[in-house]
Amino acid sequence: MNYPVWNVSFLGSGLVVAIIAIIHVLISHIAVGGGIFIAVAEWWAGRQADGDRVRTFLHGFVKYFLIYTTVFGAMTGVGIWFAIGLANPEGTSLLIHQFVFAWATEWVTFIGELTVLYLYFYGWGVNSRRMQLLLAVLYAVIAWLSLFVINGILSFMLTPGGWTPENRDIAAGFFNPTFLPSLLGRTLAMLVLGGLFAMLLAARVEDGLKERIVALAARFVLPAAVAMPALAVWYWFALPEAAQTMWLDGATGVAGGRLEAVTRYSWLAVITGALIVIGTLAFAARPRAVTRAAALAMLLIAQLGVLGGEFFREMARKPYVVHGTLYSNGLWQAESKSPATLDAPYFEAARWEPPGIAPGSPAHGEWIYRLQCASCHTLDGYRALDTRTRAWTPAFAERFLRNLPQQGVMPPFHGDAADRAALAAWLISRHGTPVTAAEVGAAAPEEVTR
Amino acid sequence: MSMDQRFVPIPSDAEDALPPARSTAGAALRAALRRFPIWPVIAFLRGKRVPQHRATAWYAMGGLALVFLAIQIATGILLMVYYRPSQPWASVQRIVNEVPYGAFIRSVHHWSANLMALTLFAHMFSTFFMKAYRPPRELTWLTGCALLGVTLLFAFSGYLLPWDDLSFFATRVSLTEIEKGPGLGPWLADLVRGGPDVTIDTIGRFYVLHVTVLPLAVLAIIGAHLLCIQLQGVSEPDRFAALPEREKKYRAFFGDFMIAEIPIWLAASALVVALAAAVPRGLAPEADPFAAAPAGIKPEWYFLAPYQMLKLFPGHLELIGLGLMNGAMLGALAVPFIDRAVPAGARGRIMTALGAAGLAGFVVLTVWGRLS
Amino acid sequence: MTPFLAPLLGAAVPMPSPDPLGYPAAPAVMQALAYLTLTLHFLAMMFTVGGAMLVLVAYLRGDRPTQRFFSAALPLGFSYLVTFGIPPLLFVQVLYGQLFYTSSVLIGVFWILVVPLLIAAYGALYWHRFAREGHPHRWLAAMLAFAAMLCIAFIYVNNLTLLQTPDAWLAKYAAHPGGMTLNTAEPTHGPRYAFFMLHTLVVAGAALVLRGAHLRRWGHEDAGRSSARQGAIAMLIGLCGASAAAGGVLAAMPAGVRAFVFGNALPLGLLVAGAGLDVAAVGLGAIASRRSGLAAAYGAAVAVTGALACLVVLRDQVRGAYLEPYFSLSGVPVYAQWGMLAIFAASLAVGLALLIVLLCKIAPALAAGRRKTA
């Protein structure tokens, strides 16, 4: 409305963000957890009789770690930023303007992480052991701080806490109700993922050393994975009530338009967590058996778990991009409370429809879809409207659009009766039987009086 | 009679291999071995090993199929609790809309079935190209083919059970094809349907098939299949067998290979859950036998290849299509009796080429069927 | 609620409202930070892109030492070009958010394409770095990285020129709501892109000059002289090309914007100073390639950095002139976040201090390693 909406056919802009994000989340967690593993392993090497063998392993580890976390991790991180700016300019603008100096501080940690990691990697065989240990510890600490900062912004979106658009209380928004459970939960996830990544590289190490590294890595994974459910419960109780209701409703299917996806994804996260514990126990029982394929399979489980967890978090926020403040399609909650704004003709507020659209024409409906619906729904792909409107009749469509928020997962319709009729007519006509906006408009009052 | 005479003595090689008697595990294992004289079996299994070569990854397929089968049994039992063959569609709708996690369990069942079929195809073609079917492993191959057949019957019978638009018409179309078969065709079709058309009686038949007959059959055949593998060991491809003895690398089957398989099984389970979460199985409107078939009705992907082949031979030529299909199935069974030479000779190479052509044909027909 | 929806202009040009929650600090603060970091970004970017170009030349000439130098340095350059690219991108979103998000969405498909291109370029540079020296496909990796970086720069120029020409927006969006369009029809687009890409040679050349000076200092006389000579030639070629392209940019500008550049002391001064510093840099590079000693080489590096700083500020001034009918930073609502600014300043100070201490302790030892193997 304020911004043009990026119309990505089939995928939808949200899924573009999600695809980049789930890759990034896995790698960024590995980047911190792996950093902690390097620091512990550096210290551990100092206490081993064959410490130099361990350090040689670590050097090889860091080479892959460096390339993997910078090429795929850092670039997809930038990628999320690109993608959210395209998918939700209004929300991205809010996050940037409210938290610009938090982002800038985050950038300081990036510069620090990168430089320290380079000094550690290139300093192998040059720096003293104490300096290498110091660099490894510094890297782990700075990397964790980067989590600390981003976690405040990310958890703010779901639970803005005491922040409101009026008070602009950054501290209250940053240290919001899910900040701590999220920070601690992600820290545990990082230890799990760092340990699993270490196992992947240990799979290639010669027998003798391999068992010990796998055992060390298992000590990263198991306690963290076992402690995770407690954090998950804490996090759950910190969620907005609307999200909890949505989750509970999701236990039983799709009847009444309830969104069970949020529940399904949460179970994916829970089940993968349990599978990781089982797999790691198998590795811990017989470290010698670890192969690259097996370790990759564990990382695949972790990737699917990340998918479950992140989709859960994103969907629990529906229909908002910043909970209670800004809807996912760029409509401000405050605006939606004012009937004078909400029920006014849509194109008075929208800025991006081409000039000269005839009222009630198919173009009228199409451009309402583009500017108001397309930020979440595609026509025939992800969250397809064609499937969702297959059984629509003019009367049902009119009533449905008037009561959108009753779904619990959608913002209210922005526009007047003519807008609703135009959109409904356009959507219904896509199924093969042309319907005019006038026909939809005529069907509406009957339905109301019934 | 003294205590000791009632117990089996523990063999000396077992004593060497077991954990110390002081440890809990050691004590428990010894107690078991004193009661059951199974050490020879354990010793035999301990000696089992898996050759390590470039195609080793394909050895995982059989195990993966078993994992999917286990998921099928577990979720299938849960679905049976609420499924009513007398009200097929309504009870599935209840599972989807009212039963807690019913939709989720059903989606897992659906995805695991698809992945099981996919894995079995991969298993069959990989053992085919590694030529693991040659003597003395004919029975392993035959039981494997039977398992694929039973799995496809599972899929076919299970697909009808929700009794929605899609499943009803897809089943009716498939059974009409069977009816066209010469000789026993019409009789067989009537037997399966329980009459001249697909009705609620067909549900009864398919349900019994799906939850009693086929499960018993699959467990029995899997038992035979696994027994063959355990008794005869893992087959070695020619190129590996030709290596000098010291260059051959093996891993212990139970100690190392299976432990490293566990994460792969877990990943497969996670994949099923992820697919069920991301792409849940829908339920189309209830089947209406008197309505026109909805446009674009097609069988599931694993039946697309034969379906497309039948479409290639319209009218009277249909018999050719049926003949080709049955010929391919019989040919697959005959493979170990035609190509027997180790290492592979000219026949072996021809068989590989035929297999490659078969695989290519299967893929092309499936994609074609999907797109057309 | 009116401030939420208050349109800035009439219906002719759709202009999104600026962020309704206001600016987190005076624009000048963020402009200063953006200028500083964008200068560093351009420096790293031009080193990396120009270096990729020079490494390809080195493959053509069979010049192993230059290949080796850039192969080790380019992944590092790329890391820092991305990292120094973050703050300017952050501050442009704060300062000109409503323009920037719009222009990004309008070219959405290409803008998101930057991400896989970044991964391809970075991955190729690392592969190039760790592949063995005689690997037959090594030059291909360098080529791939170079091509990917050229594409990224191209997309950036599209976005940032579209940002400052709002009158092109509505027609583009009506025709391509999926963002499958670019801004190549904009008259300054071509010369602007050419300028940035050609100027990379000046920076990468200066790096070779510096390397040459150090090699000579370390006693590798021939290698050092050859490196410095190559660098000086690259700088000269880059300067000639970039000057022509800069002329093209000035010629293609709308007359009003050109009049602003030539009619005001600040932009004109920046233009003259930037050009002068660039010429001085090339001159110092030429001197450094003939004489031994570090002074001229470092002088060239400092001069080229200064030229980039002038370019950065001039660029923002010109953008202001383009946007003059639509939007101005003066008078935007500011709700200053002093506490957050202080936290950022403190973390920056601590971070920089830490890195400087570490570099002082470690860099000499690392350089000593280089000195031996050079």
# chains A, B, ... in the order shown; residues from 1 in each chain; ligands from 1
>>> residues_around(residues="range 255-269 of chain B", least_positions_apart="6", cutoff="6 Å", atoms="only C-alpha atoms", output="JSON, numbers by chain")
{"A": [279, 289, 290, 294, 297, 298, 301], "B": [64]}
>>> residues_around(residues="Val318 in chain C", least_positions_apart="5", cutoff="9 Å", atoms="only C-alpha atoms", output="PyMOL selection string")
chain C and resi 257-258+260-261+267+313+323
>>> interface_residues(of="chain C", to="chain A", cutoff="6 Å", atoms="only C-alpha atoms", output="list of chain:residue names")
C:Pro14, C:Pro16, C:Val94, C:Tyr101, C:Val105, C:Val115, C:Ile119, C:Tyr122, C:Gly123, C:Ala174, C:Pro177, C:Gly178, C:Met340, C:Leu341, C:Phe344, C:Leu348
>>> write_last_selection(atoms="N, CA and C atoms", output="compact mmCIF listing (two decimals), in the first residue's frame")
# COMPACT_ATOMS: atom_id res chain seq x y z
N PRO C 14 4.17 8.19 -7.31
CA PRO C 14 3.86 7.57 -6.02
C PRO C 14 5.08 7.66 -5.11
N PRO C 16 6.21 6.68 -1.25
CA PRO C 16 5.84 6.16 0.06
C PRO C 16 6.20 7.16 1.17
N VAL C 94 18.05 3.87 6.49
CA VAL C 94 17.54 4.80 7.50
C VAL C 94 17.26 6.15 6.84
N TYR C 101 13.68 1.03 -0.48
CA TYR C 101 12.86 -0.18 -0.52
C TYR C 101 12.06 -0.22 -1.82
N VAL C 105 12.26 -3.17 -4.59
CA VAL C 105 11.12 -4.02 -4.96
C VAL C 105 10.90 -3.96 -6.48
N VAL C 115 22.21 -12.16 -4.03
CA VAL C 115 22.61 -13.10 -2.98
C VAL C 115 23.30 -14.34 -3.55
N ILE C 119 27.37 -15.45 -3.25
CA ILE C 119 27.85 -16.77 -2.83
C ILE C 119 28.74 -17.37 -3.92
N TYR C 122 32.16 -15.41 -4.00
CA TYR C 122 32.97 -15.67 -2.81
C TYR C 122 33.48 -17.12 -2.84
N GLY C 123 32.57 -18.04 -3.15
CA GLY C 123 32.96 -19.44 -3.21
C GLY C 123 34.04 -19.66 -4.26
N ALA C 174 3.74 -1.11 -12.88
CA ALA C 174 2.54 -1.58 -13.58
C ALA C 174 2.91 -2.66 -14.59
N PRO C 177 5.09 -6.19 -11.96
CA PRO C 177 4.91 -6.27 -10.51
C PRO C 177 5.76 -7.35 -9.86
N GLY C 178 6.34 -8.24 -10.65
CA GLY C 178 7.22 -9.25 -10.09
C GLY C 178 8.67 -8.79 -9.98
N MET C 340 21.29 4.43 22.66
CA MET C 340 21.69 3.40 21.70
C MET C 340 22.92 3.84 20.92
N LEU C 341 22.95 5.13 20.58
CA LEU C 341 24.11 5.64 19.84
C LEU C 341 25.37 5.50 20.70
N PHE C 344 26.50 1.92 20.73
CA PHE C 344 27.18 1.60 19.48
C PHE C 344 28.58 2.20 19.47
N LEU C 348 31.96 0.12 19.23
CA LEU C 348 32.88 0.35 18.12
C LEU C 348 34.28 0.65 18.64
>>> interface_residues(of="chain B", to="chain A", cutoff="12 Å", atoms="only C-alpha atoms", output="ChimeraX atom specification")
/B:52,56-58,60,92-108,251-285
>>> select_by_dssp(residues="range 229-291 of chain A", states="alpha helix (DSSP H)", output="PyMOL selection string")
chain A and resi 229-238+241-249+261-285
>>> residues_around(residues="Arg371 in chain C", least_positions_apart="4", cutoff="12 Å", atoms="only C-alpha atoms", output="list in words")
Arg211, His214, Leu215, Arg216, Arg217, Trp218, Gly219, His220, Gly224, Ala363, Pro364, Ala365, Leu366 and Ala367 of chain C
>>> closest_residue(among="B:Arg134, B:His225, B:His210, B:Arg370", to="Leu304 in chain B", atoms="only C-alpha atoms")
B:Arg370
>>> select_by_dssp(residues="range 195-428 of chain A", states="strand (DSSP E)", output="list in words")
Tyr320, Val321, Val322, Leu326 and Tyr327 of chain A
>>> atom_distance(atom1="CA of Asp339 in chain B", atom2="CA of Leu322 in chain B")
25.2 Å
>>> residues_around(residues="range 221-227 of chain A", least_positions_apart="5", cutoff="9 Å", atoms="only C-alpha atoms", output="list in words")
Gly185, Thr187, Leu188, Ala189, Met190, Leu191, Val192, Leu193, Gly194, Gly195, Leu196, Gly273, Ala274, Ile276, Val277, Thr280 and Leu281 of chain A
>>> closest_residue(among="B:Ala74, B:Ala353, B:Ala293, B:Met116", to="Met61 in chain B", atoms="only C-alpha atoms")
B:Met116
>>> residues_around(residues="Ala438 in chain A", least_positions_apart="4", cutoff="12 Å", atoms="only C-alpha atoms", output="PyMOL selection string")
chain A and resi 359-362+394-395+398+417-426+434+442-444
>>> write_last_selection(atoms="N, CA and C atoms", output="compact mmCIF listing (two decimals), in the first residue's frame")
# COMPACT_ATOMS: atom_id res chain seq x y z
N PRO A 359 -13.69 1.27 -11.89
CA PRO A 359 -14.22 0.63 -10.68
C PRO A 359 -15.01 -0.62 -11.05
N GLY A 360 -14.78 -1.69 -10.30
CA GLY A 360 -15.50 -2.94 -10.54
C GLY A 360 -14.94 -3.77 -11.67
N SER A 361 -13.91 -3.29 -12.35
CA SER A 361 -13.32 -4.06 -13.44
C SER A 361 -12.43 -5.17 -12.88
N PRO A 362 -12.13 -6.17 -13.71
CA PRO A 362 -11.20 -7.20 -13.24
C PRO A 362 -9.88 -6.60 -12.76
N PRO A 394 -20.42 -15.90 -4.57
CA PRO A 394 -20.37 -14.45 -4.35
C PRO A 394 -20.78 -14.08 -2.93
N ALA A 395 -21.85 -14.68 -2.44
CA ALA A 395 -22.33 -14.31 -1.11
C ALA A 395 -21.32 -14.68 -0.04
N GLU A 398 -18.20 -12.34 -0.15
CA GLU A 398 -18.45 -11.02 0.42
C GLU A 398 -18.41 -11.09 1.96
N ALA A 417 -17.07 -1.56 0.20
CA ALA A 417 -17.83 -2.67 -0.37
C ALA A 417 -17.50 -2.89 -1.83
N ALA A 418 -17.27 -1.79 -2.57
CA ALA A 418 -16.95 -1.93 -3.98
C ALA A 418 -15.61 -2.66 -4.16
N ASP A 419 -14.67 -2.39 -3.27
CA ASP A 419 -13.38 -3.08 -3.33
C ASP A 419 -13.55 -4.57 -3.06
N ARG A 420 -14.34 -4.87 -2.03
CA ARG A 420 -14.56 -6.28 -1.70
C ARG A 420 -15.20 -7.01 -2.88
N ALA A 421 -16.20 -6.37 -3.48
CA ALA A 421 -16.90 -7.00 -4.60
C ALA A 421 -15.95 -7.22 -5.77
N ALA A 422 -15.11 -6.22 -6.04
CA ALA A 422 -14.19 -6.34 -7.17
C ALA A 422 -13.21 -7.48 -6.95
N LEU A 423 -12.67 -7.57 -5.73
CA LEU A 423 -11.70 -8.63 -5.43
C LEU A 423 -12.39 -10.00 -5.51
N ALA A 424 -13.57 -10.12 -4.88
CA ALA A 424 -14.26 -11.40 -4.87
C ALA A 424 -14.59 -11.83 -6.30
N ALA A 425 -15.07 -10.87 -7.10
CA ALA A 425 -15.44 -11.22 -8.48
C ALA A 425 -14.21 -11.71 -9.24
N TRP A 426 -13.11 -11.02 -9.05
CA TRP A 426 -11.90 -11.41 -9.78
C TRP A 426 -11.43 -12.80 -9.36
N PRO A 434 -17.18 -16.56 -15.15
CA PRO A 434 -17.01 -15.14 -14.89
C PRO A 434 -18.15 -14.59 -14.02
N ALA A 442 -24.53 -7.52 -5.40
CA ALA A 442 -25.96 -7.81 -5.25
C ALA A 442 -26.18 -8.98 -4.30
N ALA A 443 -25.24 -9.91 -4.26
CA ALA A 443 -25.40 -11.08 -3.41
C ALA A 443 -25.20 -10.73 -1.94
N ALA A 444 -24.52 -9.64 -1.69
CA ALA A 444 -24.11 -9.35 -0.32
C ALA A 444 -25.27 -9.09 0.64
>>> decode(residues="range 143-172 of chain B", atoms="N, CA and C atoms", output="short mmCIF file (atom, residue, chain, number, x, y, z; two decimals), in the first residue's frame")
data_model
loop_
_atom_site.label_atom_id
_atom_site.label_comp_id
_atom_site.auth_asym_id
_atom_site.auth_seq_id
_atom_site.Cartn_x
_atom_site.Cartn_y
_atom_site.Cartn_z
N THR B 143 12.36 -62.70 -3.50
CA THR B 143 11.61 -62.16 -2.37
C THR B 143 11.59 -60.64 -2.43
N GLY B 144 12.68 -60.04 -2.92
CA GLY B 144 12.71 -58.58 -3.06
C GLY B 144 11.66 -58.11 -4.04
N CYS B 145 11.56 -58.81 -5.19
CA CYS B 145 10.53 -58.43 -6.18
C CYS B 145 9.15 -58.57 -5.55
N ALA B 146 8.97 -59.66 -4.78
CA ALA B 146 7.67 -59.86 -4.14
C ALA B 146 7.37 -58.72 -3.18
N LEU B 147 8.40 -58.25 -2.48
CA LEU B 147 8.17 -57.15 -1.53
C LEU B 147 7.76 -55.88 -2.25
N LEU B 148 8.39 -55.63 -3.40
CA LEU B 148 7.99 -54.45 -4.17
C LEU B 148 6.54 -54.59 -4.60
N GLY B 149 6.19 -55.81 -5.06
CA GLY B 149 4.82 -56.04 -5.49
C GLY B 149 3.84 -55.83 -4.35
N VAL B 150 4.16 -56.40 -3.18
CA VAL B 150 3.26 -56.26 -2.03
C VAL B 150 3.13 -54.79 -1.65
N THR B 151 4.26 -54.06 -1.71
CA THR B 151 4.22 -52.63 -1.36
C THR B 151 3.29 -51.88 -2.30
N LEU B 152 3.36 -52.21 -3.59
CA LEU B 152 2.50 -51.52 -4.54
C LEU B 152 1.03 -51.89 -4.30
N LEU B 153 0.80 -53.16 -3.90
CA LEU B 153 -0.58 -53.53 -3.55
C LEU B 153 -1.06 -52.77 -2.31
N PHE B 154 -0.16 -52.62 -1.35
CA PHE B 154 -0.46 -51.79 -0.18
C PHE B 154 -0.90 -50.40 -0.63
N ALA B 155 -0.09 -49.83 -1.52
CA ALA B 155 -0.36 -48.47 -1.96
C ALA B 155 -1.70 -48.41 -2.68
N PHE B 156 -1.94 -49.41 -3.54
CA PHE B 156 -3.16 -49.42 -4.33
C PHE B 156 -4.39 -49.55 -3.44
N SER B 157 -4.31 -50.48 -2.47
CA SER B 157 -5.49 -50.71 -1.61
C SER B 157 -5.67 -49.53 -0.65
N GLY B 158 -4.56 -48.98 -0.16
CA GLY B 158 -4.68 -47.88 0.80
C GLY B 158 -5.21 -46.61 0.16
N TYR B 159 -4.92 -46.45 -1.12
CA TYR B 159 -5.31 -45.22 -1.80
C TYR B 159 -6.82 -45.06 -1.86
N LEU B 160 -7.55 -46.20 -1.95
CA LEU B 160 -9.01 -46.12 -2.07
C LEU B 160 -9.68 -45.80 -0.73
N LEU B 161 -9.02 -46.20 0.36
CA LEU B 161 -9.70 -46.19 1.65
C LEU B 161 -10.34 -44.85 2.05
N PRO B 162 -9.75 -43.68 1.76
CA PRO B 162 -10.42 -42.43 2.16
C PRO B 162 -11.73 -42.20 1.41
N TRP B 163 -11.90 -42.87 0.27
CA TRP B 163 -13.16 -42.80 -0.46
C TRP B 163 -13.48 -41.36 -0.88
N ASP B 164 -12.48 -40.64 -1.32
CA ASP B 164 -12.77 -39.31 -1.85
C ASP B 164 -12.76 -39.38 -3.37
N ASP B 165 -13.16 -38.28 -3.94
CA ASP B 165 -13.25 -38.13 -5.38
C ASP B 165 -12.08 -38.74 -6.13
N LEU B 166 -10.88 -38.29 -5.73
CA LEU B 166 -9.67 -38.67 -6.45
C LEU B 166 -9.46 -40.17 -6.33
N SER B 167 -9.53 -40.69 -5.10
CA SER B 167 -9.17 -42.08 -4.90
C SER B 167 -10.21 -42.99 -5.56
N PHE B 168 -11.45 -42.60 -5.47
CA PHE B 168 -12.50 -43.43 -6.09
C PHE B 168 -12.29 -43.57 -7.59
N PHE B 169 -12.15 -42.41 -8.25
CA PHE B 169 -12.08 -42.48 -9.72
C PHE B 169 -10.76 -43.07 -10.19
N ALA B 170 -9.69 -42.81 -9.49
CA ALA B 170 -8.41 -43.40 -9.89
C ALA B 170 -8.48 -44.91 -9.78
N THR B 171 -9.12 -45.40 -8.71
CA THR B 171 -9.22 -46.86 -8.53
C THR B 171 -10.14 -47.46 -9.61
N ARG B 172 -11.25 -46.76 -9.87
CA ARG B 172 -12.17 -47.29 -10.87
C ARG B 172 -11.46 -47.41 -12.22
#
